[in-house]
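*Asks:* Following this message is one structure expressed as structure tokens.
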Amino acid sequence: MVSQEQRRRQLAREKFLRQQQRRTAARRKTHARNAVVASVLGVVVVGSVVSYATGVFKNDDKKANAGAEVSPSPSASKAPDPCKKAAAGKVKSLSWKKEPAVTIDKSADYTMKMATTCGDVDIALKTAAAPHTVNSFNFLAAKGYFDHTKCHRLTTNGIYVLQCGDPTALGSGTPGYTIPDENLKDTTLKGGVYPAGTVAMANTYDATTKKGRNTGGSQFFLVYQDSQLPANYTPFGTISKSGMKVLTKIAAAGESTGAGDGAPNATVVINKMTVTKS
């Protein structure tokens, strides 16, 4: 998935361009207003108009600087937290040198339950299409790797996902091993869109350099609204209707930066993750 830093820079550029357009429009509007006032009153500049224009330019300049740095907006931090207090317990510090051997039954159905502070999210896993991924989640969940971890990232502009699976909650955590990309030709991925309800792996693939294949670890994302993404991220599960309601609630609370990509305002903690064979 696109890294958080890349996403921030993209959003900052887009925001800066919008603000430049607004400043240009405001400048034109001010000039037109001055011209009208001058023609009526026979003066070149009217104090009140100048004061108004100066105020607009000053505020826009401040906003442009904030956009370049992607600083948190005051309104973003005030969103109410719709989630409950996390269960008692601590994140385990676990790491392995290599991917666990595939021991799941590839012909069987498996489901994954994320018991979170915001509600349960049930996921039907695509075992046959993504056996290495499902096997890894089965292994990690059994070890308690995901328990008490925070979902650290929410995107609300262009890409609509909640990202989880990082014990550090910083976007850099891994289980120590990587797993191969799988199921990239899934029939649900049409027109460069990951549809709402998809669960997919995050990775470090860079489409520009074409480097970073097969770098999935433990981080994954849940798509709560159709999102424009190239088919580079293993789709390995489908969220239940009740789970989608939980995601919608989390998304409605927004994210912390106000720029469309940051920590969710909702305190989303996975109290317990389980994978069950049907």
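In the structure tokens, the first chain shown is A, the next is B, and so on; residue numbers restart at 1 for each chain, and ligands run from 1 in the order shown.
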Using only C-alpha atoms, which protein or nucleic acid residues come within 7 Å of Asp109 in chain A? Drop anything in the same chain fewer than 5 positions from it, and give the result as a VMD selection string.
*Replies:* chain A and resid 127 277 to 278
*Asks:* Just asking: which residues within range 132-229 of chain A are alpha helix (DSSP H) according to DSSP, as a PyMOL selection string?
*Replies:* chain A and resi 132-142
*Asks:* Give the answer as one residue: which of A:Ala129, A:Val246, A:Ala196, A:Asn232 has the shortest atom-to-atom distance to Lys210 in chain A, using only C-alpha atoms?
*Replies:* A:Asn232
*Asks:* I'd like the interatomic distance between CA of Ala128 in chain A and CA of Lys150 in chain A, to a tenth of an Å.
*Replies:*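 Pair CA of Ala128 in chain A / CA of Lys150 in chain A returns 28.7 Å.
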*Asks:* Find the residues of range 74-138 of chain A that sit at most 10 Å from range 178-185 of chain A; for each, write down the nearest two atoms and how far apart they are in Å, to one decimal. Count only C-alpha atoms. Sort by chain, then by number going up, and give it as a Markdown table.
*Replies:*
| residue | atom | partner | partner_atom | distance |
| --- | --- | --- | --- | --- |
| A:Trp96 | CA | A:Thr178 | CA | 9.9 |
| A:Lys97 | CA | A:Thr178 | CA | 9.3 |
| A:Lys98 | CA | A:Thr178 | CA | 7.4 |
| A:Glu99 | CA | A:Thr178 | CA | 6.4 |
| A:Pro100 | CA | A:Ile179 | CA | 9.4 |
| A:Lys126 | CA | A:Asn183 | CA | 9.0 |
| A:Ala128 | CA | A:Asn183 | CA | 9.4 |
| A:Ala129 | CA | A:Asn183 | CA | 5.6 |
| A:Ala130 | CA | A:Glu182 | CA | 5.4 |
| A:Pro131 | CA | A:Glu182 | CA | 8.2 |
| A:His132 | CA | A:Ile179 | CA | 6.7 |
| A:Thr133 | CA | A:Ile179 | CA | 6.8 |
| A:Asn135 | CA | A:Ile179 | CA | 10.0 |
| A:Ser136 | CA | A:Ile179 | CA | 7.9 |
*Asks:* Could you state the separation of CA of Thr168 in chain A and CA of Gly119 in chain A in Å, given to one decimal place?
*Replies:*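 Distance reported for this atom pair: 21.7 Å.
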*Asks:* Expressed in Å to a single decimal, how great is the separation between CA of Gly158 in chain A and CA of Asp186 in chain A?
*Replies:*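 Computing the Euclidean distance for CA of Gly158 in chain A and CA of Asp186 in chain A yields 21.4 Å.
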*Asks:* Nearest to Met114 in chain A: which of A:Thr187, A:Thr149, A:Asn214, A:Ser3 is it, counting only C-alpha atoms?
*Replies:*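 Ranking A:Thr187, A:Thr149, A:Asn214, A:Ser3 by distance to Met114 in chain A, first place goes to A:Thr149.
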*Asks:* Set the distance at 8 Å and use only C-alpha atoms: which residues neighbour Met1 in chain A once local chain neighbours fewer than 3 positions away are removed? I'd like the list as a tab-separated table (two decimals) with C-alpha atoms, in the first residue's frame.
*Replies:*
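Output contents, as saved in out.tsv:
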chain	number	residue	atom	x	y	z
A	201	MET	CA	-2.16	-6.80	2.87
A	202	ALA	CA	-0.04	-3.69	3.16
A	203	ASN	CA	3.47	-3.92	1.71
A	204	THR	CA	6.41	-1.80	0.57
A	205	TYR	CA	5.97	-2.25	-3.18
A	232	ASN	CA	-0.55	-4.72	-5.84
A	233	TYR	CA	-1.91	-5.71	-2.42
*Asks:* Please extract the residues of range 46-244 of chain A with a backbone DSSP assignment of strand (DSSP E or B) and present them as JSON, numbers by chain.
*Replies:* {"A": [110, 111, 112, 113, 114, 115, 116, 119, 120, 121, 122, 123, 124, 125, 149, 150, 153, 154, 155, 157, 159, 161, 162, 163, 164, 179, 190, 193, 194, 198, 199, 200, 201, 206, 211, 216, 220, 221, 222, 223, 227, 228, 235, 236, 237, 238, 239]}
*Asks:* Between A:Asn271, A:Gln163, A:Thr117, A:Thr208, single out the one closest to Lys85 in chain A, counting only C-alpha atoms.
*Replies:*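 Checking each of A:Asn271, A:Gln163, A:Thr117, A:Thr208 against Lys85 in chain A, counting only C-alpha atoms, the winner is A:Thr117.
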*Asks:* Find the residue from A:Leu222, A:Val134, A:Ile250, A:Ala207 that sits nearest to Tyr194 in chain A; use only C-alpha atoms when measuring.
*Replies:* A:Leu222
*Asks:* Show which residues sit within 10 Å of Lys92 in chain A, as a list in words. Count only C-alpha atoms, and ignore same-chain residues fewer than 4 positions away.
*Replies:*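 Within the cut-off, the hits are Lys143, Gly144, Tyr145, Phe146, Asp147, His148, Thr149 and Pro167 of chain A.
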*Asks:* Only N, CA, C and O atoms, please: the residues just picked out, written as a PDB file, in the first residue's frame.
*Replies:*
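Dumped to again-v6.pdb:
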ATOM      1  N   LYS A 143      -0.708 -16.907  18.344  1.00  0.00           N
ATOM      2  CA  LYS A 143       0.368 -16.483  19.242  1.00  0.00           C
ATOM      3  C   LYS A 143       0.012 -15.216  20.027  1.00  0.00           C
ATOM      4  O   LYS A 143       0.777 -14.774  20.876  1.00  0.00           O
ATOM      5  N   GLY A 144      -1.163 -14.627  19.737  1.00  0.00           N
ATOM      6  CA  GLY A 144      -1.562 -13.400  20.424  1.00  0.00           C
ATOM      7  C   GLY A 144      -0.858 -12.160  19.911  1.00  0.00           C
ATOM      8  O   GLY A 144      -0.838 -11.120  20.577  1.00  0.00           O
ATOM      9  N   TYR A 145      -0.299 -12.256  18.709  1.00  0.00           N
ATOM     10  CA  TYR A 145       0.497 -11.160  18.136  1.00  0.00           C
ATOM     11  C   TYR A 145      -0.318  -9.879  17.960  1.00  0.00           C
ATOM     12  O   TYR A 145       0.187  -8.778  18.179  1.00  0.00           O
ATOM     13  N   PHE A 146      -1.578 -10.009  17.557  1.00  0.00           N
ATOM     14  CA  PHE A 146      -2.418  -8.838  17.280  1.00  0.00           C
ATOM     15  C   PHE A 146      -3.145  -8.298  18.512  1.00  0.00           C
ATOM     16  O   PHE A 146      -3.687  -7.190  18.469  1.00  0.00           O
ATOM     17  N   ASP A 147      -3.194  -9.075  19.576  1.00  0.00           N
ATOM     18  CA  ASP A 147      -3.975  -8.693  20.752  1.00  0.00           C
ATOM     19  C   ASP A 147      -3.444  -7.406  21.386  1.00  0.00           C
ATOM     20  O   ASP A 147      -2.233  -7.247  21.575  1.00  0.00           O
ATOM     21  N   HIS A 148      -4.354  -6.472  21.670  1.00  0.00           N
ATOM     22  CA  HIS A 148      -4.081  -5.183  22.323  1.00  0.00           C
ATOM     23  C   HIS A 148      -3.361  -4.185  21.410  1.00  0.00           C
ATOM     24  O   HIS A 148      -2.899  -3.144  21.882  1.00  0.00           O
ATOM     25  N   THR A 149      -3.285  -4.486  20.110  1.00  0.00           N
ATOM     26  CA  THR A 149      -2.647  -3.548  19.173  1.00  0.00           C
ATOM     27  C   THR A 149      -3.650  -2.530  18.652  1.00  0.00           C
ATOM     28  O   THR A 149      -4.833  -2.817  18.524  1.00  0.00           O
ATOM     29  N   PRO A 167       2.155  -3.875  15.804  1.00  0.00           N
ATOM     30  CA  PRO A 167       2.269  -3.788  17.268  1.00  0.00           C
ATOM     31  C   PRO A 167       2.871  -2.476  17.764  1.00  0.00           C
ATOM     32  O   PRO A 167       2.607  -2.062  18.891  1.00  0.00           O
TER      33      PRO A 167
END
